[in-house]
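Undergrad: Pasting data15.csv below, which is CSV, C-alpha atoms.
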```
chain,number,residue,atom,x,y,z
U,1,MET,CA,10.0,19.0,-3.8
U,2,ALA,CA,9.9,17.3,-7.2
U,3,LEU,CA,12.5,17.5,-9.9
U,4,SER,CA,11.5,19.8,-12.8
U,5,LYS,CA,14.0,18.1,-15.2
U,6,ASN,CA,14.7,14.4,-15.1
U,7,LEU,CA,16.4,13.0,-18.2
U,8,LEU,CA,17.6,9.7,-16.6
U,9,ARG,CA,15.5,7.4,-18.8
U,10,GLU,CA,16.3,9.3,-22.0
U,11,ARG,CA,20.1,9.2,-21.2
U,12,ARG,CA,19.9,5.5,-20.2
U,13,GLU,CA,18.0,4.5,-23.3
U,14,ALA,CA,20.3,6.6,-25.6
U,15,LYS,CA,23.3,4.7,-24.1
U,16,GLY,CA,21.5,1.3,-24.6
U,17,LEU,CA,21.7,0.5,-20.9
U,18,SER,CA,19.1,-1.6,-19.0
U,19,GLN,CA,17.8,-0.5,-15.6
U,20,GLU,CA,19.6,-3.4,-14.1
U,21,ALA,CA,22.9,-2.5,-15.7
U,22,LEU,CA,22.7,1.1,-14.7
U,23,ALA,CA,21.8,0.1,-11.1
U,24,GLY,CA,24.9,-2.2,-11.0
U,25,MET,CA,27.1,0.7,-12.3
U,26,VAL,CA,26.0,3.1,-9.6
U,27,GLY,CA,25.5,0.6,-6.8
U,28,VAL,CA,21.8,0.7,-6.2
U,29,SER,CA,18.9,-1.6,-6.8
U,30,ARG,CA,16.9,-1.7,-10.0
U,31,GLN,CA,13.9,-0.6,-8.1
U,32,THR,CA,15.7,2.6,-7.1
U,33,ILE,CA,16.4,3.4,-10.8
U,34,ILE,CA,12.7,2.7,-11.6
U,35,SER,CA,11.7,5.1,-8.8
U,36,ILE,CA,14.0,7.9,-9.9
U,37,GLU,CA,12.8,7.5,-13.5
U,38,GLY,CA,9.2,7.5,-12.4
U,39,ALA,CA,9.8,10.7,-10.3
U,40,ARG,CA,8.8,8.9,-7.1
U,41,TYR,CA,12.2,9.2,-5.5
U,42,MET,CA,14.7,12.1,-5.6
U,43,PRO,CA,18.3,10.9,-5.6
U,44,SER,CA,20.8,12.2,-3.1
U,45,LEU,CA,23.6,14.4,-4.2
U,46,GLU,CA,26.0,11.4,-4.0
U,47,LEU,CA,23.8,9.3,-6.2
U,48,ALA,CA,23.2,12.1,-8.7
U,49,LEU,CA,26.9,12.6,-9.0
U,50,ARG,CA,27.5,8.9,-9.5
U,51,LEU,CA,24.8,8.8,-12.2
U,52,ALA,CA,26.3,11.9,-13.9
U,53,LYS,CA,29.7,10.2,-13.8
U,54,ALA,CA,28.2,7.0,-15.3
U,55,PHE,CA,26.9,9.1,-18.2
U,56,ARG,CA,30.0,11.3,-18.4
U,57,CYS,CA,27.9,14.5,-18.1
U,58,LYS,CA,27.1,17.2,-15.5
U,59,VAL,CA,24.4,16.7,-12.9
U,60,GLU,CA,22.5,19.7,-14.3
U,61,GLU,CA,22.3,17.9,-17.6
U,62,LEU,CA,20.5,15.0,-15.9
U,63,PHE,CA,18.4,16.7,-13.2
U,64,GLY,CA,17.0,20.1,-12.5
U,65,VAL,CA,14.9,21.8,-9.9
B,1,MET,CA,26.5,-10.0,6.2
B,2,ASN,CA,29.6,-8.3,7.4
B,3,LYS,CA,32.1,-9.6,9.9
B,4,THR,CA,31.2,-7.1,12.6
B,5,ARG,CA,27.5,-8.0,12.5
B,6,THR,CA,28.3,-11.7,12.6
B,7,LEU,CA,30.5,-11.2,15.7
B,8,TRP,CA,27.7,-9.1,17.4
B,9,GLY,CA,25.2,-11.8,16.6
B,10,LEU,CA,27.4,-14.6,18.0
B,11,GLY,CA,28.2,-12.4,21.0
B,12,PHE,CA,24.5,-11.9,21.8
B,13,ALA,CA,23.8,-15.6,21.3
B,14,PHE,CA,26.7,-16.6,23.6
B,15,VAL,CA,25.5,-14.1,26.3
B,16,PHE,CA,22.0,-15.5,26.2
B,17,LEU,CA,23.1,-19.1,26.3
B,18,VAL,CA,25.5,-18.5,29.2
B,19,ALA,CA,22.9,-16.5,31.1
B,20,GLY,CA,20.3,-19.1,30.4
B,21,ILE,CA,22.4,-22.1,31.5
B,22,ALA,CA,23.6,-20.2,34.6
B,23,THR,CA,20.1,-19.2,35.7
B,24,HIS,CA,18.7,-22.7,34.9
B,25,LEU,CA,21.4,-24.5,36.8
B,26,SER,CA,21.3,-22.1,39.8
B,27,GLY,CA,17.6,-22.5,40.0
B,28,VAL,CA,16.8,-18.7,39.7
B,29,GLY,CA,13.4,-17.9,38.1
B,30,GLU,CA,12.1,-21.5,38.4
B,31,ARG,CA,8.5,-20.8,37.4
B,32,PRO,CA,6.7,-21.0,34.1
B,33,TYR,CA,7.7,-18.1,31.9
B,34,LEU,CA,6.3,-17.2,28.5
B,35,GLY,CA,5.4,-20.8,27.8
B,36,PHE,CA,8.7,-22.2,29.1
B,37,SER,CA,9.5,-24.1,32.3
B,38,SER,CA,11.8,-21.4,33.6
B,39,ALA,CA,13.3,-18.0,32.6
B,40,GLY,CA,16.6,-19.8,32.1
B,41,ALA,CA,15.0,-22.2,29.6
B,42,TRP,CA,13.6,-19.3,27.7
B,43,LEU,CA,17.0,-17.5,27.6
B,44,ILE,CA,18.6,-20.8,26.3
B,45,TYR,CA,15.9,-20.9,23.6
B,46,ILE,CA,16.5,-17.2,22.6
B,47,GLY,CA,20.3,-17.9,22.5
B,48,MET,CA,19.8,-20.9,20.3
B,49,VAL,CA,17.5,-19.0,17.9
B,50,SER,CA,20.1,-16.1,17.8
B,51,LEU,CA,22.9,-18.6,17.1
B,52,VAL,CA,21.0,-20.3,14.2
B,53,MET,CA,19.9,-17.0,12.7
B,54,THR,CA,23.4,-15.6,12.8
B,55,LEU,CA,24.9,-18.8,11.3
B,56,LEU,CA,22.3,-18.9,8.5
B,57,ARG,CA,22.9,-15.2,7.7
B,58,GLY,CA,26.6,-15.9,7.6
B,59,MET,CA,26.2,-18.7,5.1
B,60,ARG,CA,24.2,-16.6,2.7
B,61,LYS,CA,26.3,-16.3,-0.5
B,62,ARG,CA,24.5,-13.5,-2.3
B,63,LYS,CA,25.4,-10.1,-0.9
B,64,ARG,CA,22.3,-8.2,0.1
B,65,LEU,CA,22.2,-4.7,-1.5
B,66,VAL,CA,21.0,-1.9,0.8
B,67,ASP,CA,20.9,1.5,-1.0
B,68,GLU,CA,19.9,5.0,0.0
B,69,ARG,CA,16.3,4.6,-0.9
B,70,MET,CA,15.9,1.6,1.3
B,71,GLU,CA,17.7,3.4,4.1
B,72,LEU,CA,15.3,6.4,3.7
B,73,VAL,CA,12.3,4.0,3.8
B,74,ALA,CA,13.7,2.2,6.8
B,75,PHE,CA,14.0,5.5,8.6
B,76,LYS,CA,10.5,6.5,7.8
B,77,SER,CA,9.0,3.2,8.8
B,78,ALA,CA,11.0,3.3,12.1
B,79,ARG,CA,9.3,6.7,12.8
B,80,VAL,CA,5.9,5.1,12.0
B,81,ALA,CA,6.7,2.2,14.3
B,82,LEU,CA,7.7,4.6,17.1
B,83,VAL,CA,4.5,6.6,16.8
B,84,GLY,CA,2.6,3.4,16.6
B,85,PHE,CA,4.3,2.2,19.8
B,86,MET,CA,3.5,5.4,21.6
B,87,LEU,CA,-0.2,5.3,20.5
B,88,LEU,CA,-0.5,1.7,21.5
B,89,ALA,CA,1.1,2.4,24.9
B,90,PHE,CA,-1.3,5.3,25.4
B,91,ALA,CA,-4.2,3.1,24.5
B,92,ILE,CA,-3.1,0.4,27.0
B,93,MET,CA,-2.7,3.1,29.7
B,94,VAL,CA,-6.2,4.4,29.0
B,95,ALA,CA,-7.7,0.9,28.9
B,96,ASP,CA,-6.0,0.0,32.1
B,97,GLY,CA,-8.2,2.6,33.8
B,98,PHE,CA,-11.3,0.8,32.7
B,99,ILE,CA,-10.5,-2.9,32.8
B,100,ASP,CA,-8.0,-5.0,34.8
B,101,PHE,CA,-5.5,-6.7,32.6
B,102,ALA,CA,-4.8,-10.3,33.5
B,103,VAL,CA,-1.6,-10.5,31.5
B,104,SER,CA,1.9,-10.8,32.9
B,105,TYR,CA,4.3,-7.9,32.4
B,106,GLY,CA,6.7,-10.1,30.4
B,107,MET,CA,3.9,-11.3,28.1
B,108,LEU,CA,2.6,-7.7,27.6
B,109,MET,CA,6.1,-6.5,26.6
B,110,ALA,CA,6.6,-9.4,24.3
B,111,GLU,CA,3.3,-8.7,22.6
B,112,LEU,CA,4.2,-5.0,22.4
B,113,VAL,CA,7.5,-5.8,20.7
B,114,CYS,CA,5.8,-8.1,18.2
B,115,ALA,CA,3.2,-5.4,17.5
B,116,VAL,CA,6.0,-2.8,16.9
B,117,LEU,CA,7.9,-5.2,14.6
B,118,ILE,CA,4.7,-6.0,12.6
B,119,VAL,CA,3.9,-2.2,12.2
B,120,TYR,CA,7.5,-1.7,11.1
B,121,MET,CA,7.5,-4.5,8.5
B,122,VAL,CA,4.1,-3.5,7.1
B,123,SER,CA,5.0,0.2,6.9
B,124,TYR,CA,8.4,-0.6,5.4
B,125,HIS,CA,6.8,-2.6,2.5
B,126,ALA,CA,4.0,-0.1,2.0
B,127,LEU,CA,6.5,2.8,1.9
B,128,LEU,CA,8.9,1.0,-0.4
B,129,ARG,CA,6.1,0.8,-3.0
B,130,ARG,CA,5.5,4.5,-2.7
B,131,HIS,CA,9.1,5.7,-3.0
```
Can you dump the structure from the file as C-alpha cells?

TA:
Amino acid sequence: MALSKNLLRERREAKGLSQEALAGMVGVSRQTIISIEGARYMPSLELALRLAKAFRCKVEELFGV
Amino acid sequence: MNKTRTLWGLGFAFVFLVAGIATHLSGVGERPYLGFSSAGAWLIYIGMVSLVMTLLRGMRKRKRLVDERMELVAFKSARVALVGFMLLAFAIMVADGFIDFAVSYGMLMAELVCAVLIVYMVSYHALLRRH
C-alpha cells in the first residue's frame, strides 16, 4: 500500500532542513529519509509520529492513505 | 557495539579457545579437518578470529546507526536466505540420488553456511536499494 499524501519533502524544504539534519533529528539514516520522500518506503507509526513532532504538526498533515 | 554484544562475542571466543585447547591437548579429533591439522586447531583458529573481530568492533569509535528500514530489509533478506537454504538443501538431496558426493560432512555444512551468508548479503544490499 502506498501513501496517497506525502508532504515530507515540502515540509523539510520549507523549514530549510537538509535530509541529513532531519535524519539526525528523528534518529534514522539519510537514506531512509530519501526513501520516504521518494515513496519507496512507508514509515512506521513511531517514525511518522517522530517526523510530525519534528515539524510540530499532526501526522495527517504529513502523510495520508 | 553495545556492552552485551561485546560480552557475548568474548564469551564465544573464550569457549572456542578453551574447547580447542582442551581437544588439542587431549588428542581428540587428531586428523586433518577443514584444512587444519586437527579439529582442536580449527576451534582455536575460530576462537582467535572471534576474539579479534570482537575487539576490533569494540574499538570502533563511530556508532553504527541501525534504523527501522534496515531492520525491515534485514528481515526480508533473512527470509530470502532461508528460502535459498531450503532450495539448496533440496537440490543437494536430489543430486545425491544421481551422483556420489566425495565431500566430507563438515566441508558440506561449511560451504552451505557460506552460501547462505552470501545469499543474505547480496539480497540485503539489493533490497536496501529498492526500499

Undergrad: Distance table requested - chain U against chain B, cut-off 10 Å, all atoms listed in the file: one row per qualifying residue with the closest atom pair and its distance in Å to one decimal, ordered by chain and rising residue number, as JSON lines.

TA:
```
{"residue": "U:Gly27", "atom": "CA", "partner": "B:Asp67", "partner_atom": "CA", "distance": 7.5}
{"residue": "U:Val28", "atom": "CA", "partner": "B:Asp67", "partner_atom": "CA", "distance": 5.3}
{"residue": "U:Ser29", "atom": "CA", "partner": "B:Asp67", "partner_atom": "CA", "distance": 6.9}
{"residue": "U:Gln31", "atom": "CA", "partner": "B:Arg69", "partner_atom": "CA", "distance": 9.2}
{"residue": "U:Thr32", "atom": "CA", "partner": "B:Arg69", "partner_atom": "CA", "distance": 6.5}
{"residue": "U:Ile33", "atom": "CA", "partner": "B:Arg69", "partner_atom": "CA", "distance": 10.0}
{"residue": "U:Ile34", "atom": "CA", "partner": "B:His131", "partner_atom": "CA", "distance": 9.8}
{"residue": "U:Ser35", "atom": "CA", "partner": "B:His131", "partner_atom": "CA", "distance": 6.4}
{"residue": "U:Ile36", "atom": "CA", "partner": "B:His131", "partner_atom": "CA", "distance": 8.7}
{"residue": "U:Gly38", "atom": "CA", "partner": "B:His131", "partner_atom": "CA", "distance": 9.6}
{"residue": "U:Ala39", "atom": "CA", "partner": "B:His131", "partner_atom": "CA", "distance": 8.9}
{"residue": "U:Arg40", "atom": "CA", "partner": "B:His131", "partner_atom": "CA", "distance": 5.2}
{"residue": "U:Tyr41", "atom": "CA", "partner": "B:His131", "partner_atom": "CA", "distance": 5.3}
{"residue": "U:Met42", "atom": "CA", "partner": "B:His131", "partner_atom": "CA", "distance": 8.9}
{"residue": "U:Pro43", "atom": "CA", "partner": "B:Arg69", "partner_atom": "CA", "distance": 8.1}
{"residue": "U:Ser44", "atom": "CA", "partner": "B:Glu68", "partner_atom": "CA", "distance": 7.9}
{"residue": "U:Glu46", "atom": "CA", "partner": "B:Glu68", "partner_atom": "CA", "distance": 9.7}
{"residue": "U:Leu47", "atom": "CA", "partner": "B:Glu68", "partner_atom": "CA", "distance": 8.5}
```

Undergrad: Pick from B:Trp8, B:Phe75, B:Phe85, B:Tyr45: nearest to Ile21 of chain B, with only C-alpha atoms counted?

TA: B:Tyr45

Undergrad: B:Ala19, B:Leu25, B:Val119, B:Ile92: which is nearest Leu43 of chain B, counting only C-alpha atoms?

TA: B:Ala19

Undergrad: If you count only C-alpha atoms, which residues fall within 12 Å of Arg12 of chain U, apart from same-chain ones fewer than 4 positions away, as a PDB file with C-alpha atoms, keeping the file's coordinate frame?

TA:
```pdb
ATOM      1  CA  ASN U   6      14.700  14.400 -15.100  1.00  0.00           C
ATOM      2  CA  LEU U   7      16.400  13.000 -18.200  1.00  0.00           C
ATOM      3  CA  LEU U   8      17.600   9.700 -16.600  1.00  0.00           C
ATOM      4  CA  GLY U  16      21.500   1.300 -24.600  1.00  0.00           C
ATOM      5  CA  LEU U  17      21.700   0.500 -20.900  1.00  0.00           C
ATOM      6  CA  SER U  18      19.100  -1.600 -19.000  1.00  0.00           C
ATOM      7  CA  GLN U  19      17.800  -0.500 -15.600  1.00  0.00           C
ATOM      8  CA  GLU U  20      19.600  -3.400 -14.100  1.00  0.00           C
ATOM      9  CA  ALA U  21      22.900  -2.500 -15.700  1.00  0.00           C
ATOM     10  CA  LEU U  22      22.700   1.100 -14.700  1.00  0.00           C
ATOM     11  CA  ALA U  23      21.800   0.100 -11.100  1.00  0.00           C
ATOM     12  CA  MET U  25      27.100   0.700 -12.300  1.00  0.00           C
ATOM     13  CA  ILE U  33      16.400   3.400 -10.800  1.00  0.00           C
ATOM     14  CA  ILE U  34      12.700   2.700 -11.600  1.00  0.00           C
ATOM     15  CA  GLU U  37      12.800   7.500 -13.500  1.00  0.00           C
ATOM     16  CA  LEU U  51      24.800   8.800 -12.200  1.00  0.00           C
ATOM     17  CA  ALA U  52      26.300  11.900 -13.900  1.00  0.00           C
ATOM     18  CA  ALA U  54      28.200   7.000 -15.300  1.00  0.00           C
ATOM     19  CA  PHE U  55      26.900   9.100 -18.200  1.00  0.00           C
ATOM     20  CA  ARG U  56      30.000  11.300 -18.400  1.00  0.00           C
ATOM     21  CA  LEU U  62      20.500  15.000 -15.900  1.00  0.00           C
TER      22      LEU U  62
END
```

Undergrad: What is the atom CA of Ser123 of chain B to atom CA of Leu82 of chain B distance in Å?

TA: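 Going from atom CA of Ser123 of chain B over to atom CA of Leu82 of chain B covers 11.4 Å.
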
Undergrad: In Å, how far is it from atom CA of Trp42 of chain B to atom CA of Met93 of chain B?

TA: 27.8 Å

Undergrad: Show me, as an mmCIF file with C-alpha atoms, in the frame of the given file, the residues that have an atom within 10 Å of segment 54-61 of chain B when counting all atoms listed in the file, minus same-chain residues fewer than 5 positions from it.

TA:
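Okay, result-v7.cif is ready:
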```
data_model
loop_
_atom_site.group_PDB
_atom_site.id
_atom_site.type_symbol
_atom_site.label_atom_id
_atom_site.label_comp_id
_atom_site.auth_asym_id
_atom_site.auth_seq_id
_atom_site.Cartn_x
_atom_site.Cartn_y
_atom_site.Cartn_z
ATOM 1 C CA MET B 1 26.500 -10.000 6.200
ATOM 2 C CA ASN B 2 29.600 -8.300 7.400
ATOM 3 C CA LYS B 3 32.100 -9.600 9.900
ATOM 4 C CA ARG B 5 27.500 -8.000 12.500
ATOM 5 C CA THR B 6 28.300 -11.700 12.600
ATOM 6 C CA LEU B 7 30.500 -11.200 15.700
ATOM 7 C CA TRP B 8 27.700 -9.100 17.400
ATOM 8 C CA GLY B 9 25.200 -11.800 16.600
ATOM 9 C CA LEU B 10 27.400 -14.600 18.000
ATOM 10 C CA PHE B 12 24.500 -11.900 21.800
ATOM 11 C CA ALA B 13 23.800 -15.600 21.300
ATOM 12 C CA MET B 48 19.800 -20.900 20.300
ATOM 13 C CA VAL B 49 17.500 -19.000 17.900
#
```

Undergrad: Please compute the atom CA of Ala95 of chain B-atom CA of Ala110 of chain B distance, one decimal, in Å.

TA: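 Taking atom CA of Ala95 of chain B as the start and atom CA of Ala110 of chain B as the end point, the length is 18.2 Å.
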
Undergrad: Using the incomplete input, complete segment 56-68 of chain B to the level of N, CA and C atoms; output as a compact mmCIF listing (two decimals), in the frame of the given file.

TA:
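Final output, saved to selection08.txt:
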```
# COMPACT_ATOMS: atom_id res chain seq x y z
N LEU B 56 22.95 -18.86 9.80
CA LEU B 56 22.30 -18.90 8.50
C LEU B 56 22.56 -17.65 7.69
N ARG B 57 22.56 -16.49 8.35
CA ARG B 57 22.90 -15.20 7.70
C ARG B 57 24.33 -15.25 7.17
N GLY B 58 25.21 -15.81 7.99
CA GLY B 58 26.60 -15.90 7.60
C GLY B 58 26.87 -16.78 6.43
N MET B 59 26.00 -17.78 6.24
CA MET B 59 26.20 -18.70 5.10
C MET B 59 25.59 -18.24 3.82
N ARG B 60 24.81 -17.13 3.91
CA ARG B 60 24.20 -16.60 2.70
C ARG B 60 25.26 -16.13 1.73
N LYS B 61 25.21 -16.65 0.51
CA LYS B 61 26.30 -16.30 -0.50
C LYS B 61 26.04 -14.99 -1.14
N ARG B 62 24.77 -14.75 -1.53
CA ARG B 62 24.50 -13.50 -2.30
C ARG B 62 24.51 -12.33 -1.32
N LYS B 63 25.28 -11.31 -1.71
CA LYS B 63 25.40 -10.10 -0.90
C LYS B 63 24.10 -9.30 -0.99
N ARG B 64 23.55 -8.92 0.14
CA ARG B 64 22.30 -8.20 0.10
C ARG B 64 22.61 -6.69 -0.10
N LEU B 65 21.94 -6.12 -1.12
CA LEU B 65 22.20 -4.70 -1.50
C LEU B 65 21.23 -3.82 -0.67
N VAL B 66 21.80 -2.87 0.04
CA VAL B 66 21.00 -1.90 0.80
C VAL B 66 21.42 -0.52 0.23
N ASP B 67 20.50 0.14 -0.49
CA ASP B 67 20.90 1.50 -1.00
C ASP B 67 20.17 2.57 -0.25
N GLU B 68 20.43 3.80 -0.70
CA GLU B 68 19.90 5.00 0.00
C GLU B 68 18.42 5.05 0.11
```
